[in-house]
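So the structure is just underneath, and the comments pick up after that.
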Amino acid sequence: MTIANPTGLADHEHDDSDYHIEASTSLTERTLRTLKHGDAFAVLDAYGDLGVELGTPEGIYFRDMRFLSRLKLMCSGHRPLLLSSVIHDDNSALSIDLTNADIEPPSRHPIARDTIAISRTKFLWNAASYERIALRNYDTVERLVSIELLFDADFVDLFEVRGMPRARRGQISIKRTATDAIQYVYDGLDGVQRRTTLTFTPMPKRLDLHRAVFERVLDAGERWTILVTAAFNESDEPLQPISFHSAYRAKRRASRSDTENIATIESSNPLFDELMCRSTADIYTLSTRAGEELYPYAGIPWYNTVFGRDGIITAMMMVWVDPAIARGVLLHLAETQATHHDPGSDAQPGKILHERRSCEMAQLGEIPFRRYYGTVDATPLFVMLAGLYFERTGDVATLEKIWPNVKAALAWCDTFGDADGDGFVEYLRETPNGLANQGWKDSHDSVFHADGALATGPIALVEVQAYVFGAKCQAAKLAQHCGETALAARLSQAADDLQVRFQSAFWCEDIGTYALALDGDKKPCKVLTSNAGHALFTGIATPASAQKVVASLMRRTSFSGWGIRTVAHSEQRHNPMSYHNGSVWPHDNALIALGFDRYGFKAEAAALFEGLFAAVGYQQDRRLPELFCGFTRKSGRGPIAYPVACSPQAWAAVSPFAFLGACLGVSIVHAAEQVRFIKPTLPSFLNEVVVRRIVVGNSRLDVRVARHGTDVSVNVLKRDGDARAMVVT
């Protein structure tokens, strides 16, 4: 049955319910710096300021609302000169070095430039922003120095920053709460009172509602320090800022604690080591602690919250290095799994959360994302992750805790997920305010036919059927372990049946790959897309079809030289500057590389790795962004940036671990106490990799992998316990 487009929009019209990000300015126009801790994040310019220019996402946000919209430093009436701006290697803080500009007559206190050194250190900790401004007079005589800080708090919802208009907003009031403190109070329409409290040390010479002025005569060589704290809270939450030094020590200790059990990676390539260092820092910076567990928030600035799909894929690609992230993701998503049918949030029993928001617009229902379940793939992916995690760790306690959730997710796949009973999992949103497309490519125009016509639902995506196949295969093994042998047999048979149906319905011999999707009339969308590569990731593809998919994806129409495009440039809706119809996504390529590895296409997996790694040399802070444009690679030039890409982004940050795992063919099996390297290879930019502290049960292994021409050797450097490393050729 064909179901009409529920929005009533023509194909070319924008669908507001897709919640796209308006882009009146590009994030690439300026050098932006990001900081994060917990539910707070900051977007700053290279000077450490925010809100200097209008229309940017700069600010400090707490729970999806901007609690500080302006903080600008001036020295003796002028903006200082920028010397350097560096995020620490572990992302713990931002350090900026500045100096004074020329201060000339008619000023009463002229100073030649480069006389006063100004060093700013900024970080976030426990719902507060901390800043130390350190000054030193390098002149041979005393100098009068004036530091002025301009500040404001607009309490704008993140979705307003993204471009959504609002008819009404709450009221802002400002008061001086102490001789050294200013407080902004927002009485929200949702009944929540949000507060930003700025505190200054030493007490400013002048303190107004939007300005603090400090003055001091500095002797030759004298140092002077100013501390600024901005604390954020809601309603009756206590304000708990501590001293700058105590907060900084606590943040560094927490960072070391979070990463103490991760396997570390060293190589023969210094640039690759920089990439792995930054990726590790990004993953754990984005990971937010809920009790004892970590959950990787999706990305900054637009997605600093729980996303089911993003968290699961991040955990999957990280599981061989640190399975603790997978445990946190599984436990949180089990806790938030839908238990009843709520069309307003696209919730159905057993369905896994898509997105959680705590901002005012979500609380008021202006957007449906307070707890939103409009994703078709998170539910089977949740089951897949449960299986991969248990195989990696043998964690019986966690499996027993989430096993009812796994079975509920499987039941969703067979009922609500397959409402027409054809054996495929489809989506069709139940609320007109929800997402029209509910796979990972959730733009309104991302599912279409060869002639460019948009597909109508219910839509069965190629990668979703692959995930369901993977889920049933993994769940069969879990059921066997839990003693439910009849269920294990049914799941294994269901996976086999799905594989046969899938091959018949989705394979398109005329284009040499799998269809992007089946539309509501079961008509295949015969389009060359990266989605087909996900069929290899889970093993649903037949070997013969897999070979053709690999060939298709590695042709120049799909492979840009940096990575595989989401849509080949031969297709009607291809646009290299689009979000989902021609761009290159690191995580998408990493999943495809894992699929290449599964079917033995190691050289192609290494080629993908080499393309993405070449892009790293052009990226700020050696950080892979959420995506970049899909233009063909040209000699001597880096990839073209996407204007509003998140950076850091969790599944982009974790991609290098997946690429390396694919090339090495890493498989860690807890029950066998083995670290297996299946047909290992190394890309051309790596001669040697050393992986230290691979945890297998109670054992620890340090392993060296080295390339010798076309051969690779694997040696155990250190072993604590009984676990073994073995090479499978």
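If you're wondering about the labels, chains in the structure tokens are A, B, ... by order shown, residues count from 1 in each chain, ligands from 1 in order shown.
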
Contacts of Ile459 in chain A within 7 Å, only C-alpha atoms, excl. fewer than 2 positions in-chain, as a tab-separated table (two decimals) with N, CA and C atoms, in the first residue's frame:
chain	number	residue	atom	x	y	z
A	426	GLU	N	10.56	-1.70	8.50
A	426	GLU	CA	10.33	-0.44	7.81
A	426	GLU	C	10.06	0.68	8.82
A	427	TYR	N	10.03	1.91	8.32
A	427	TYR	CA	9.65	3.04	9.17
A	427	TYR	C	8.64	3.92	8.45
A	428	LEU	N	7.79	4.54	9.23
A	428	LEU	CA	6.89	5.60	8.80
A	428	LEU	C	6.53	6.36	10.06
A	456	THR	N	8.24	7.13	-1.07
A	456	THR	CA	7.18	7.24	-0.06
A	456	THR	C	7.18	5.97	0.77
A	457	GLY	N	6.71	6.10	2.01
A	457	GLY	CA	6.81	5.00	2.96
A	457	GLY	C	5.60	4.09	2.98
A	461	LEU	N	15.00	0.23	4.62
A	461	LEU	CA	16.36	0.58	4.22
A	461	LEU	C	17.24	-0.66	4.13
A	517	ALA	N	16.84	1.13	-0.79
A	517	ALA	CA	15.65	0.85	0.03
A	517	ALA	C	14.56	0.26	-0.83
A	518	LEU	N	13.54	-0.26	-0.16
A	518	LEU	CA	12.27	-0.58	-0.81
A	518	LEU	C	11.26	0.46	-0.35
A	519	ASP	N	10.51	1.03	-1.29
A	519	ASP	CA	9.51	2.02	-0.89
A	519	ASP	C	8.22	1.34	-0.45
A	520	GLY	N	7.18	2.13	-0.24
A	520	GLY	CA	5.93	1.58	0.27
A	520	GLY	C	5.25	0.60	-0.67

If we count only C-alpha atoms and set the cut-off at 12 Å, which residues sit around Arg113 in chain A, ignoring sequence neighbours fewer than 4 positions away in its own chain? Please answer as a ChimeraX atom specification. /A:75-76,78-82,98-104,117-118,137-139

Determine which residues of range 84-150 of chain A receive a DSSP assignment of strand (DSSP E or B), computed from the backbone, and state them as a PDB file with N, CA and C atoms, in the first residue's frame.
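Below you can see out.pdb, which holds the result:
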ATOM      1  N   SER A  84      48.770  32.606  20.158  1.00  0.00           N
ATOM      2  CA  SER A  84      48.515  31.174  19.971  1.00  0.00           C
ATOM      3  C   SER A  84      47.221  30.800  20.671  1.00  0.00           C
ATOM      4  N   SER A  85      46.648  29.695  20.204  1.00  0.00           N
ATOM      5  CA  SER A  85      45.393  29.198  20.773  1.00  0.00           C
ATOM      6  C   SER A  85      45.408  27.686  20.620  1.00  0.00           C
ATOM      7  N   VAL A  86      45.497  26.974  21.741  1.00  0.00           N
ATOM      8  CA  VAL A  86      45.733  25.528  21.680  1.00  0.00           C
ATOM      9  C   VAL A  86      44.832  24.800  22.664  1.00  0.00           C
ATOM     10  N   ILE A  87      44.134  23.772  22.155  1.00  0.00           N
ATOM     11  CA  ILE A  87      43.427  22.840  23.028  1.00  0.00           C
ATOM     12  C   ILE A  87      44.439  21.827  23.548  1.00  0.00           C
ATOM     13  N   LEU A  94      41.630  24.922  27.342  1.00  0.00           N
ATOM     14  CA  LEU A  94      42.064  25.747  26.221  1.00  0.00           C
ATOM     15  C   LEU A  94      43.046  26.774  26.755  1.00  0.00           C
ATOM     16  N   SER A  95      44.203  26.873  26.114  1.00  0.00           N
ATOM     17  CA  SER A  95      45.202  27.873  26.499  1.00  0.00           C
ATOM     18  C   SER A  95      45.386  28.848  25.354  1.00  0.00           C
ATOM     19  N   ILE A  96      45.317  30.142  25.669  1.00  0.00           N
ATOM     20  CA  ILE A  96      45.450  31.204  24.677  1.00  0.00           C
ATOM     21  C   ILE A  96      46.540  32.157  25.139  1.00  0.00           C
ATOM     22  N   ASP A  97      47.428  32.517  24.232  1.00  0.00           N
ATOM     23  CA  ASP A  97      48.449  33.519  24.506  1.00  0.00           C
ATOM     24  C   ASP A  97      48.163  34.757  23.671  1.00  0.00           C
ATOM     25  N   LEU A  98      48.117  35.906  24.347  1.00  0.00           N
ATOM     26  CA  LEU A  98      47.808  37.182  23.725  1.00  0.00           C
ATOM     27  C   LEU A  98      48.839  38.213  24.158  1.00  0.00           C
ATOM     28  N   THR A  99      48.840  39.328  23.477  1.00  0.00           N
ATOM     29  CA  THR A  99      49.628  40.466  23.921  1.00  0.00           C
ATOM     30  C   THR A  99      48.874  41.733  23.582  1.00  0.00           C
ATOM     31  N   ILE A 103      48.992  50.937  22.152  1.00  0.00           N
ATOM     32  CA  ILE A 103      48.107  51.891  22.826  1.00  0.00           C
ATOM     33  C   ILE A 103      48.795  53.239  22.737  1.00  0.00           C
ATOM     34  N   ILE A 111      51.197  52.416  25.578  1.00  0.00           N
ATOM     35  CA  ILE A 111      52.041  51.229  25.758  1.00  0.00           C
ATOM     36  C   ILE A 111      52.341  50.680  24.369  1.00  0.00           C
ATOM     37  N   ILE A 116      52.755  43.686  27.283  1.00  0.00           N
ATOM     38  CA  ILE A 116      52.015  42.938  28.299  1.00  0.00           C
ATOM     39  C   ILE A 116      51.657  41.569  27.735  1.00  0.00           C
ATOM     40  N   ALA A 117      52.120  40.515  28.379  1.00  0.00           N
ATOM     41  CA  ALA A 117      51.740  39.154  28.002  1.00  0.00           C
ATOM     42  C   ALA A 117      50.455  38.792  28.722  1.00  0.00           C
ATOM     43  N   ILE A 118      49.511  38.263  27.974  1.00  0.00           N
ATOM     44  CA  ILE A 118      48.216  37.872  28.539  1.00  0.00           C
ATOM     45  C   ILE A 118      48.002  36.399  28.216  1.00  0.00           C
ATOM     46  N   SER A 119      47.853  35.594  29.230  1.00  0.00           N
ATOM     47  CA  SER A 119      47.629  34.164  29.045  1.00  0.00           C
ATOM     48  C   SER A 119      46.274  33.796  29.644  1.00  0.00           C
ATOM     49  N   ARG A 120      45.435  33.156  28.833  1.00  0.00           N
ATOM     50  CA  ARG A 120      44.111  32.732  29.312  1.00  0.00           C
ATOM     51  C   ARG A 120      44.065  31.205  29.336  1.00  0.00           C
ATOM     52  N   THR A 121      43.561  30.653  30.421  1.00  0.00           N
ATOM     53  CA  THR A 121      43.325  29.222  30.533  1.00  0.00           C
ATOM     54  C   THR A 121      41.864  29.024  30.885  1.00  0.00           C
ATOM     55  N   LYS A 122      41.145  28.236  30.069  1.00  0.00           N
ATOM     56  CA  LYS A 122      39.702  28.075  30.235  1.00  0.00           C
ATOM     57  C   LYS A 122      39.348  26.591  30.209  1.00  0.00           C
ATOM     58  N   PHE A 123      38.409  26.202  31.057  1.00  0.00           N
ATOM     59  CA  PHE A 123      37.908  24.828  31.031  1.00  0.00           C
ATOM     60  C   PHE A 123      36.536  24.787  31.692  1.00  0.00           C
ATOM     61  N   LEU A 124      35.839  23.653  31.519  1.00  0.00           N
ATOM     62  CA  LEU A 124      34.533  23.420  32.128  1.00  0.00           C
ATOM     63  C   LEU A 124      34.652  22.291  33.134  1.00  0.00           C
ATOM     64  N   ALA A 128      30.099  24.476  35.444  1.00  0.00           N
ATOM     65  CA  ALA A 128      30.719  25.782  35.648  1.00  0.00           C
ATOM     66  C   ALA A 128      31.859  25.961  34.663  1.00  0.00           C
ATOM     67  N   SER A 129      32.066  27.212  34.274  1.00  0.00           N
ATOM     68  CA  SER A 129      33.196  27.588  33.431  1.00  0.00           C
ATOM     69  C   SER A 129      34.224  28.305  34.297  1.00  0.00           C
ATOM     70  N   TYR A 130      35.478  27.903  34.132  1.00  0.00           N
ATOM     71  CA  TYR A 130      36.569  28.498  34.904  1.00  0.00           C
ATOM     72  C   TYR A 130      37.557  29.155  33.948  1.00  0.00           C
ATOM     73  N   GLU A 131      38.034  30.346  34.328  1.00  0.00           N
ATOM     74  CA  GLU A 131      39.032  31.027  33.520  1.00  0.00           C
ATOM     75  C   GLU A 131      40.059  31.709  34.418  1.00  0.00           C
ATOM     76  N   ARG A 132      41.319  31.546  34.025  1.00  0.00           N
ATOM     77  CA  ARG A 132      42.412  32.292  34.667  1.00  0.00           C
ATOM     78  C   ARG A 132      43.044  33.188  33.616  1.00  0.00           C
ATOM     79  N   ILE A 133      43.115  34.483  33.913  1.00  0.00           N
ATOM     80  CA  ILE A 133      43.754  35.463  33.040  1.00  0.00           C
ATOM     81  C   ILE A 133      45.033  35.897  33.743  1.00  0.00           C
ATOM     82  N   ALA A 134      46.163  35.489  33.213  1.00  0.00           N
ATOM     83  CA  ALA A 134      47.459  35.794  33.819  1.00  0.00           C
ATOM     84  C   ALA A 134      48.172  36.846  32.978  1.00  0.00           C
ATOM     85  N   LEU A 135      48.623  37.919  33.611  1.00  0.00           N
ATOM     86  CA  LEU A 135      49.288  39.009  32.905  1.00  0.00           C
ATOM     87  C   LEU A 135      50.698  39.198  33.452  1.00  0.00           C
ATOM     88  N   ARG A 136      51.584  39.650  32.583  1.00  0.00           N
ATOM     89  CA  ARG A 136      52.931  39.984  33.017  1.00  0.00           C
ATOM     90  C   ARG A 136      53.426  41.176  32.227  1.00  0.00           C
ATOM     91  N   ASN A 137      54.037  42.119  32.947  1.00  0.00           N
ATOM     92  CA  ASN A 137      54.609  43.304  32.328  1.00  0.00           C
ATOM     93  C   ASN A 137      56.060  43.020  31.956  1.00  0.00           C
ATOM     94  N   ARG A 143      53.725  49.887  34.300  1.00  0.00           N
ATOM     95  CA  ARG A 143      52.689  50.211  33.320  1.00  0.00           C
ATOM     96  C   ARG A 143      51.317  50.035  33.956  1.00  0.00           C
ATOM     97  N   LEU A 144      50.416  50.975  33.660  1.00  0.00           N
ATOM     98  CA  LEU A 144      49.034  50.841  34.091  1.00  0.00           C
ATOM     99  C   LEU A 144      48.292  49.976  33.081  1.00  0.00           C
ATOM    100  N   VAL A 145      47.725  48.878  33.552  1.00  0.00           N
ATOM    101  CA  VAL A 145      47.022  47.943  32.683  1.00  0.00           C
ATOM    102  C   VAL A 145      45.551  47.890  33.084  1.00  0.00           C
ATOM    103  N   SER A 146      44.701  47.988  32.089  1.00  0.00           N
ATOM    104  CA  SER A 146      43.260  47.876  32.315  1.00  0.00           C
ATOM    105  C   SER A 146      42.735  46.675  31.532  1.00  0.00           C
ATOM    106  N   ILE A 147      42.044  45.789  32.246  1.00  0.00           N
ATOM    107  CA  ILE A 147      41.395  44.642  31.618  1.00  0.00           C
ATOM    108  C   ILE A 147      39.889  44.817  31.759  1.00  0.00           C
ATOM    109  N   GLU A 148      39.194  44.754  30.641  1.00  0.00           N
ATOM    110  CA  GLU A 148      37.745  44.903  30.620  1.00  0.00           C
ATOM    111  C   GLU A 148      37.128  43.618  30.082  1.00  0.00           C
ATOM    112  N   LEU A 149      36.125  43.092  30.796  1.00  0.00           N
ATOM    113  CA  LEU A 149      35.392  41.908  30.371  1.00  0.00           C
ATOM    114  C   LEU A 149      33.946  42.316  30.114  1.00  0.00           C
ATOM    115  N   LEU A 150      33.477  42.051  28.901  1.00  0.00           N
ATOM    116  CA  LEU A 150      32.100  42.326  28.508  1.00  0.00           C
ATOM    117  C   LEU A 150      31.358  41.001  28.441  1.00  0.00           C
TER     118      LEU A 150
END

Shell of 8 Å around Ala334 in chain A, only C-alpha atoms, local chain residues under 4 positions omitted, as an MDAnalysis selection string: chainID A and resid 330 352 402 405

Next, dump the selected residues to file, keeping only C-alpha atoms, as an mmCIF file, in the first residue's frame.
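Result went into selection_0.cif, see below:
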data_model
loop_
_atom_site.group_PDB
_atom_site.id
_atom_site.type_symbol
_atom_site.label_atom_id
_atom_site.label_comp_id
_atom_site.auth_asym_id
_atom_site.auth_seq_id
_atom_site.Cartn_x
_atom_site.Cartn_y
_atom_site.Cartn_z
ATOM 1 C CA LEU A 330 23.697 -0.740 26.776
ATOM 2 C CA ILE A 352 15.340 2.080 21.539
ATOM 3 C CA ILE A 402 19.641 -6.352 29.820
ATOM 4 C CA ASN A 405 15.494 -5.540 26.961
#

Top pick for closest residue to Cys413 in chain A, considering A:Leu664, A:Ile367, A:Val217, A:Val376 and counting only C-alpha atoms: A:Val376

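Atom pair CA of Ser255 in chain A / CA of Ile283 in chain A has a distance of 11.1 Å (rounded to one decimal).
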
Which residues are close to Ser446 in chain A, i.e. within 12 Å by only C-alpha atoms, leaving aside same-chain residues fewer than 3 positions away? Reply as a short mmCIF file (atom, residue, chain, number, x, y, z; two decimals) with N, CA and C atoms, in the first residue's frame.
data_model
loop_
_atom_site.label_atom_id
_atom_site.label_comp_id
_atom_site.auth_asym_id
_atom_site.auth_seq_id
_atom_site.Cartn_x
_atom_site.Cartn_y
_atom_site.Cartn_z
N ASP A 11 8.25 17.86 -3.36
CA ASP A 11 9.58 17.30 -3.16
C ASP A 11 10.64 18.37 -2.94
N ASP A 18 12.21 18.15 9.68
CA ASP A 18 13.50 17.46 9.60
C ASP A 18 14.55 18.12 10.47
N LEU A 435 10.82 12.98 12.58
CA LEU A 435 11.71 12.89 11.43
C LEU A 435 11.03 12.11 10.31
N ALA A 436 11.07 12.64 9.10
CA ALA A 436 10.46 11.97 7.96
C ALA A 436 11.25 10.72 7.57
N ASN A 437 12.57 10.82 7.60
CA ASN A 437 13.44 9.67 7.35
C ASN A 437 14.13 9.28 8.65
N GLN A 438 14.15 7.98 8.93
CA GLN A 438 14.56 7.56 10.27
C GLN A 438 15.72 6.57 10.27
N GLY A 439 16.47 6.52 9.16
CA GLY A 439 17.75 5.84 9.17
C GLY A 439 18.84 6.83 9.54
N TRP A 440 20.10 6.42 9.38
CA TRP A 440 21.16 7.36 9.77
C TRP A 440 21.23 8.55 8.82
N LYS A 441 20.81 8.34 7.58
CA LYS A 441 20.67 9.47 6.65
C LYS A 441 19.25 10.00 6.79
N ASP A 442 19.06 10.91 7.75
CA ASP A 442 17.70 11.31 8.10
C ASP A 442 17.30 12.66 7.49
N SER A 443 18.01 13.15 6.48
CA SER A 443 17.55 14.33 5.76
C SER A 443 16.27 14.00 5.01
N HIS A 449 14.52 7.45 -5.65
CA HIS A 449 14.66 6.52 -6.77
C HIS A 449 15.68 7.05 -7.78
N GLY A 452 15.34 10.41 -9.22
CA GLY A 452 15.37 11.52 -8.27
C GLY A 452 14.10 11.69 -7.47
N ALA A 453 13.03 10.96 -7.82
CA ALA A 453 11.77 11.08 -7.09
C ALA A 453 11.94 10.54 -5.67
N LEU A 454 11.43 11.28 -4.69
CA LEU A 454 11.54 10.83 -3.31
C LEU A 454 10.68 9.60 -3.07
N ALA A 455 11.20 8.68 -2.29
CA ALA A 455 10.45 7.46 -1.97
C ALA A 455 9.39 7.76 -0.93
N THR A 456 8.24 7.13 -1.07
CA THR A 456 7.18 7.24 -0.06
C THR A 456 7.18 5.97 0.77
N ILE A 459 9.22 2.73 4.46
CA ILE A 459 10.47 2.52 3.76
C ILE A 459 11.31 1.49 4.50
N LEU A 461 15.00 0.23 4.62
CA LEU A 461 16.36 0.58 4.22
C LEU A 461 17.24 -0.66 4.13
N LEU A 516 19.13 0.96 -2.35
CA LEU A 516 19.15 1.81 -1.16
C LEU A 516 18.01 1.43 -0.22
N ALA A 517 16.84 1.13 -0.79
CA ALA A 517 15.65 0.85 0.03
C ALA A 517 14.56 0.26 -0.83
N CYS A 525 14.74 1.18 -4.64
CA CYS A 525 15.39 2.44 -4.99
C CYS A 525 16.76 2.09 -5.55
N VAL A 527 19.74 3.01 -6.53
CA VAL A 527 20.65 4.14 -6.43
C VAL A 527 21.97 3.66 -5.84
N THR A 529 24.68 3.99 -3.47
CA THR A 529 24.91 4.70 -2.22
C THR A 529 25.88 3.91 -1.34
N SER A 530 26.38 4.58 -0.31
CA SER A 530 27.26 3.91 0.65
C SER A 530 26.49 2.95 1.55
N ASN A 531 25.18 3.08 1.62
CA ASN A 531 24.37 2.21 2.49
C ASN A 531 24.61 0.74 2.20
N THR A 566 28.44 9.29 0.24
CA THR A 566 27.13 8.77 0.63
C THR A 566 26.28 8.43 -0.59
N VAL A 567 26.40 9.22 -1.64
CA VAL A 567 25.71 8.97 -2.91
C VAL A 567 26.72 9.17 -4.03
N GLN A 572 21.10 11.05 -9.59
CA GLN A 572 20.32 12.26 -9.81
C GLN A 572 20.45 13.29 -8.69
N ARG A 573 20.38 12.85 -7.46
CA ARG A 573 20.38 13.79 -6.34
C ARG A 573 21.77 14.00 -5.74
N HIS A 574 22.80 13.53 -6.44
CA HIS A 574 24.15 13.74 -5.92
C HIS A 574 24.46 15.23 -5.79
N ASN A 575 24.99 15.59 -4.66
CA ASN A 575 25.46 16.95 -4.40
C ASN A 575 26.59 16.83 -3.38
N SER A 578 26.00 18.42 0.02
CA SER A 578 24.81 18.09 0.81
C SER A 578 25.21 17.32 2.06
N TYR A 579 24.29 17.23 3.00
CA TYR A 579 24.56 16.54 4.26
C TYR A 579 24.65 15.03 4.03
N HIS A 580 23.72 14.47 3.25
CA HIS A 580 23.65 13.02 3.09
C HIS A 580 23.68 12.54 1.65
N ASN A 581 23.72 13.42 0.68
CA ASN A 581 23.59 12.99 -0.73
C ASN A 581 24.85 13.24 -1.56
N GLY A 582 25.99 12.92 -1.00
CA GLY A 582 27.23 13.06 -1.76
C GLY A 582 28.43 13.42 -0.93
N SER A 583 28.24 13.62 0.36
CA SER A 583 29.32 13.95 1.27
C SER A 583 30.07 12.68 1.67
#

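Excluding Asp422 in chain A and any residue on its chain fewer than 4 positions from it, the residues at most 10 Å away by only C-alpha atoms are Asp414, Asp418, Glu426, Arg501 and Lys522 of chain A.
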
Write a file of the just-selected residues containing N, CA and C atoms, as a short mmCIF file (atom, residue, chain, number, x, y, z; two decimals), in the first residue's frame.
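result.cif written:
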data_model
loop_
_atom_site.label_atom_id
_atom_site.label_comp_id
_atom_site.auth_asym_id
_atom_site.auth_seq_id
_atom_site.Cartn_x
_atom_site.Cartn_y
_atom_site.Cartn_z
N ASP A 414 9.98 -7.61 15.05
CA ASP A 414 9.04 -8.54 14.40
C ASP A 414 7.61 -8.03 14.39
N ASP A 418 7.90 -4.39 11.70
CA ASP A 418 7.44 -5.06 10.47
C ASP A 418 5.92 -5.09 10.48
N GLU A 426 10.56 -1.70 8.50
CA GLU A 426 10.33 -0.44 7.81
C GLU A 426 10.06 0.68 8.82
N ARG A 501 15.49 -13.74 1.78
CA ARG A 501 14.52 -12.72 1.32
C ARG A 501 15.24 -11.45 0.92
N LYS A 522 7.06 -1.59 -2.31
CA LYS A 522 8.10 -2.62 -2.39
C LYS A 522 8.94 -2.46 -3.66
#

Would you pick out the contacts of Ile182 in chain A at 10 Å or less, using only C-alpha atoms, so that residues sharing its chain but fewer than 3 positions from it are not included, and give the list as a CSV table (one decimal) with C-alpha atoms, in the first residue's frame?
chain,number,residue,atom,x,y,z
A,174,ILE,CA,19.9,40.7,36.0
A,175,LYS,CA,21.1,41.5,39.5
A,176,ARG,CA,24.3,42.1,41.4
A,177,THR,CA,24.3,39.4,44.1
A,178,ALA,CA,27.6,40.5,45.7
A,179,THR,CA,30.4,43.0,45.3
A,196,THR,CA,24.1,32.1,35.3
A,197,THR,CA,26.3,33.5,38.1
A,198,LEU,CA,29.5,35.2,37.3
A,199,THR,CA,32.1,35.7,40.0
A,200,PHE,CA,35.3,37.7,39.7
A,207,LEU,CA,31.3,46.0,38.0
A,208,ASP,CA,28.2,46.7,35.9
A,209,LEU,CA,25.4,44.3,34.7
A,210,HIS,CA,27.4,43.6,31.5
A,211,ARG,CA,30.9,44.7,32.3
A,212,ALA,CA,33.8,44.2,34.7
A,230,ALA,CA,30.5,31.3,35.5

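Restricting the calculation to only C-alpha atoms, the smallest distance between Gly51 in chain A and any of A:Asp152, A:Asp342, A:Asp720, A:Asp187 is found for A:Asp152.
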
To test your reading of the structure, identify every residue in range 135-348 of chain A that backbone DSSP assigns to alpha helix (DSSP H), and report it as a PyMOL selection string. chain A and resi 158-161+244-258+270-286+308-318+324-335

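Between CA of Glu335 in chain A and CA of Ala408 in chain A the interatomic distance comes to 12.3 Å.
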
Val689 in chain A proximity check over A:Ala254, A:Ala167, A:Cys663, A:Ile668, using only C-alpha atoms: winner is A:Cys663

Val549 in chain A environment, 9 Å, only C-alpha atoms, sequence neighbours closer than 2 positions dropped, as a CSV table (one decimal) with C-alpha atoms, in the first residue's frame:
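Done, and the output landed in selection_3.csv:
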chain,number,residue,atom,x,y,z
A,512,GLY,CA,25.7,-4.2,-9.4
A,513,THR,CA,24.8,-3.4,-5.9
A,514,TYR,CA,22.0,-3.6,-3.3
A,532,ALA,CA,25.0,-1.0,0.6
A,533,GLY,CA,28.4,-1.3,2.2
A,536,LEU,CA,28.9,-6.3,4.3
A,544,ALA,CA,29.4,-13.0,-4.9
A,545,SER,CA,27.3,-9.9,-4.2
A,546,ALA,CA,29.8,-8.6,-1.7
A,547,GLN,CA,32.5,-8.7,-4.4
A,551,ALA,CA,33.9,-3.0,-6.8
A,552,SER,CA,31.0,-0.5,-7.0
A,553,LEU,CA,32.0,1.4,-3.9
A,554,MET,CA,35.7,1.7,-5.0

Nearest candidate to Gly600 in chain A (options A:Asn687, A:Thr729, A:Thr485, A:Gln619; using only C-alpha atoms): A:Thr729

Have a look at A:Phe631, A:Trp224, A:Tyr599, A:Phe502 and name the one nearest to Gly563 in chain A; count only C-alpha atoms. A:Phe631

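Across A:Ala42, A:Ala725, A:Met361, A:Ile592, the tightest approach to Ala662 in chain A is made by A:Ile592 when counting only C-alpha atoms.
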
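If you look at CA of Arg223 in chain A and CA of Pro204 in chain A, they are 17.0 Å away from each other.
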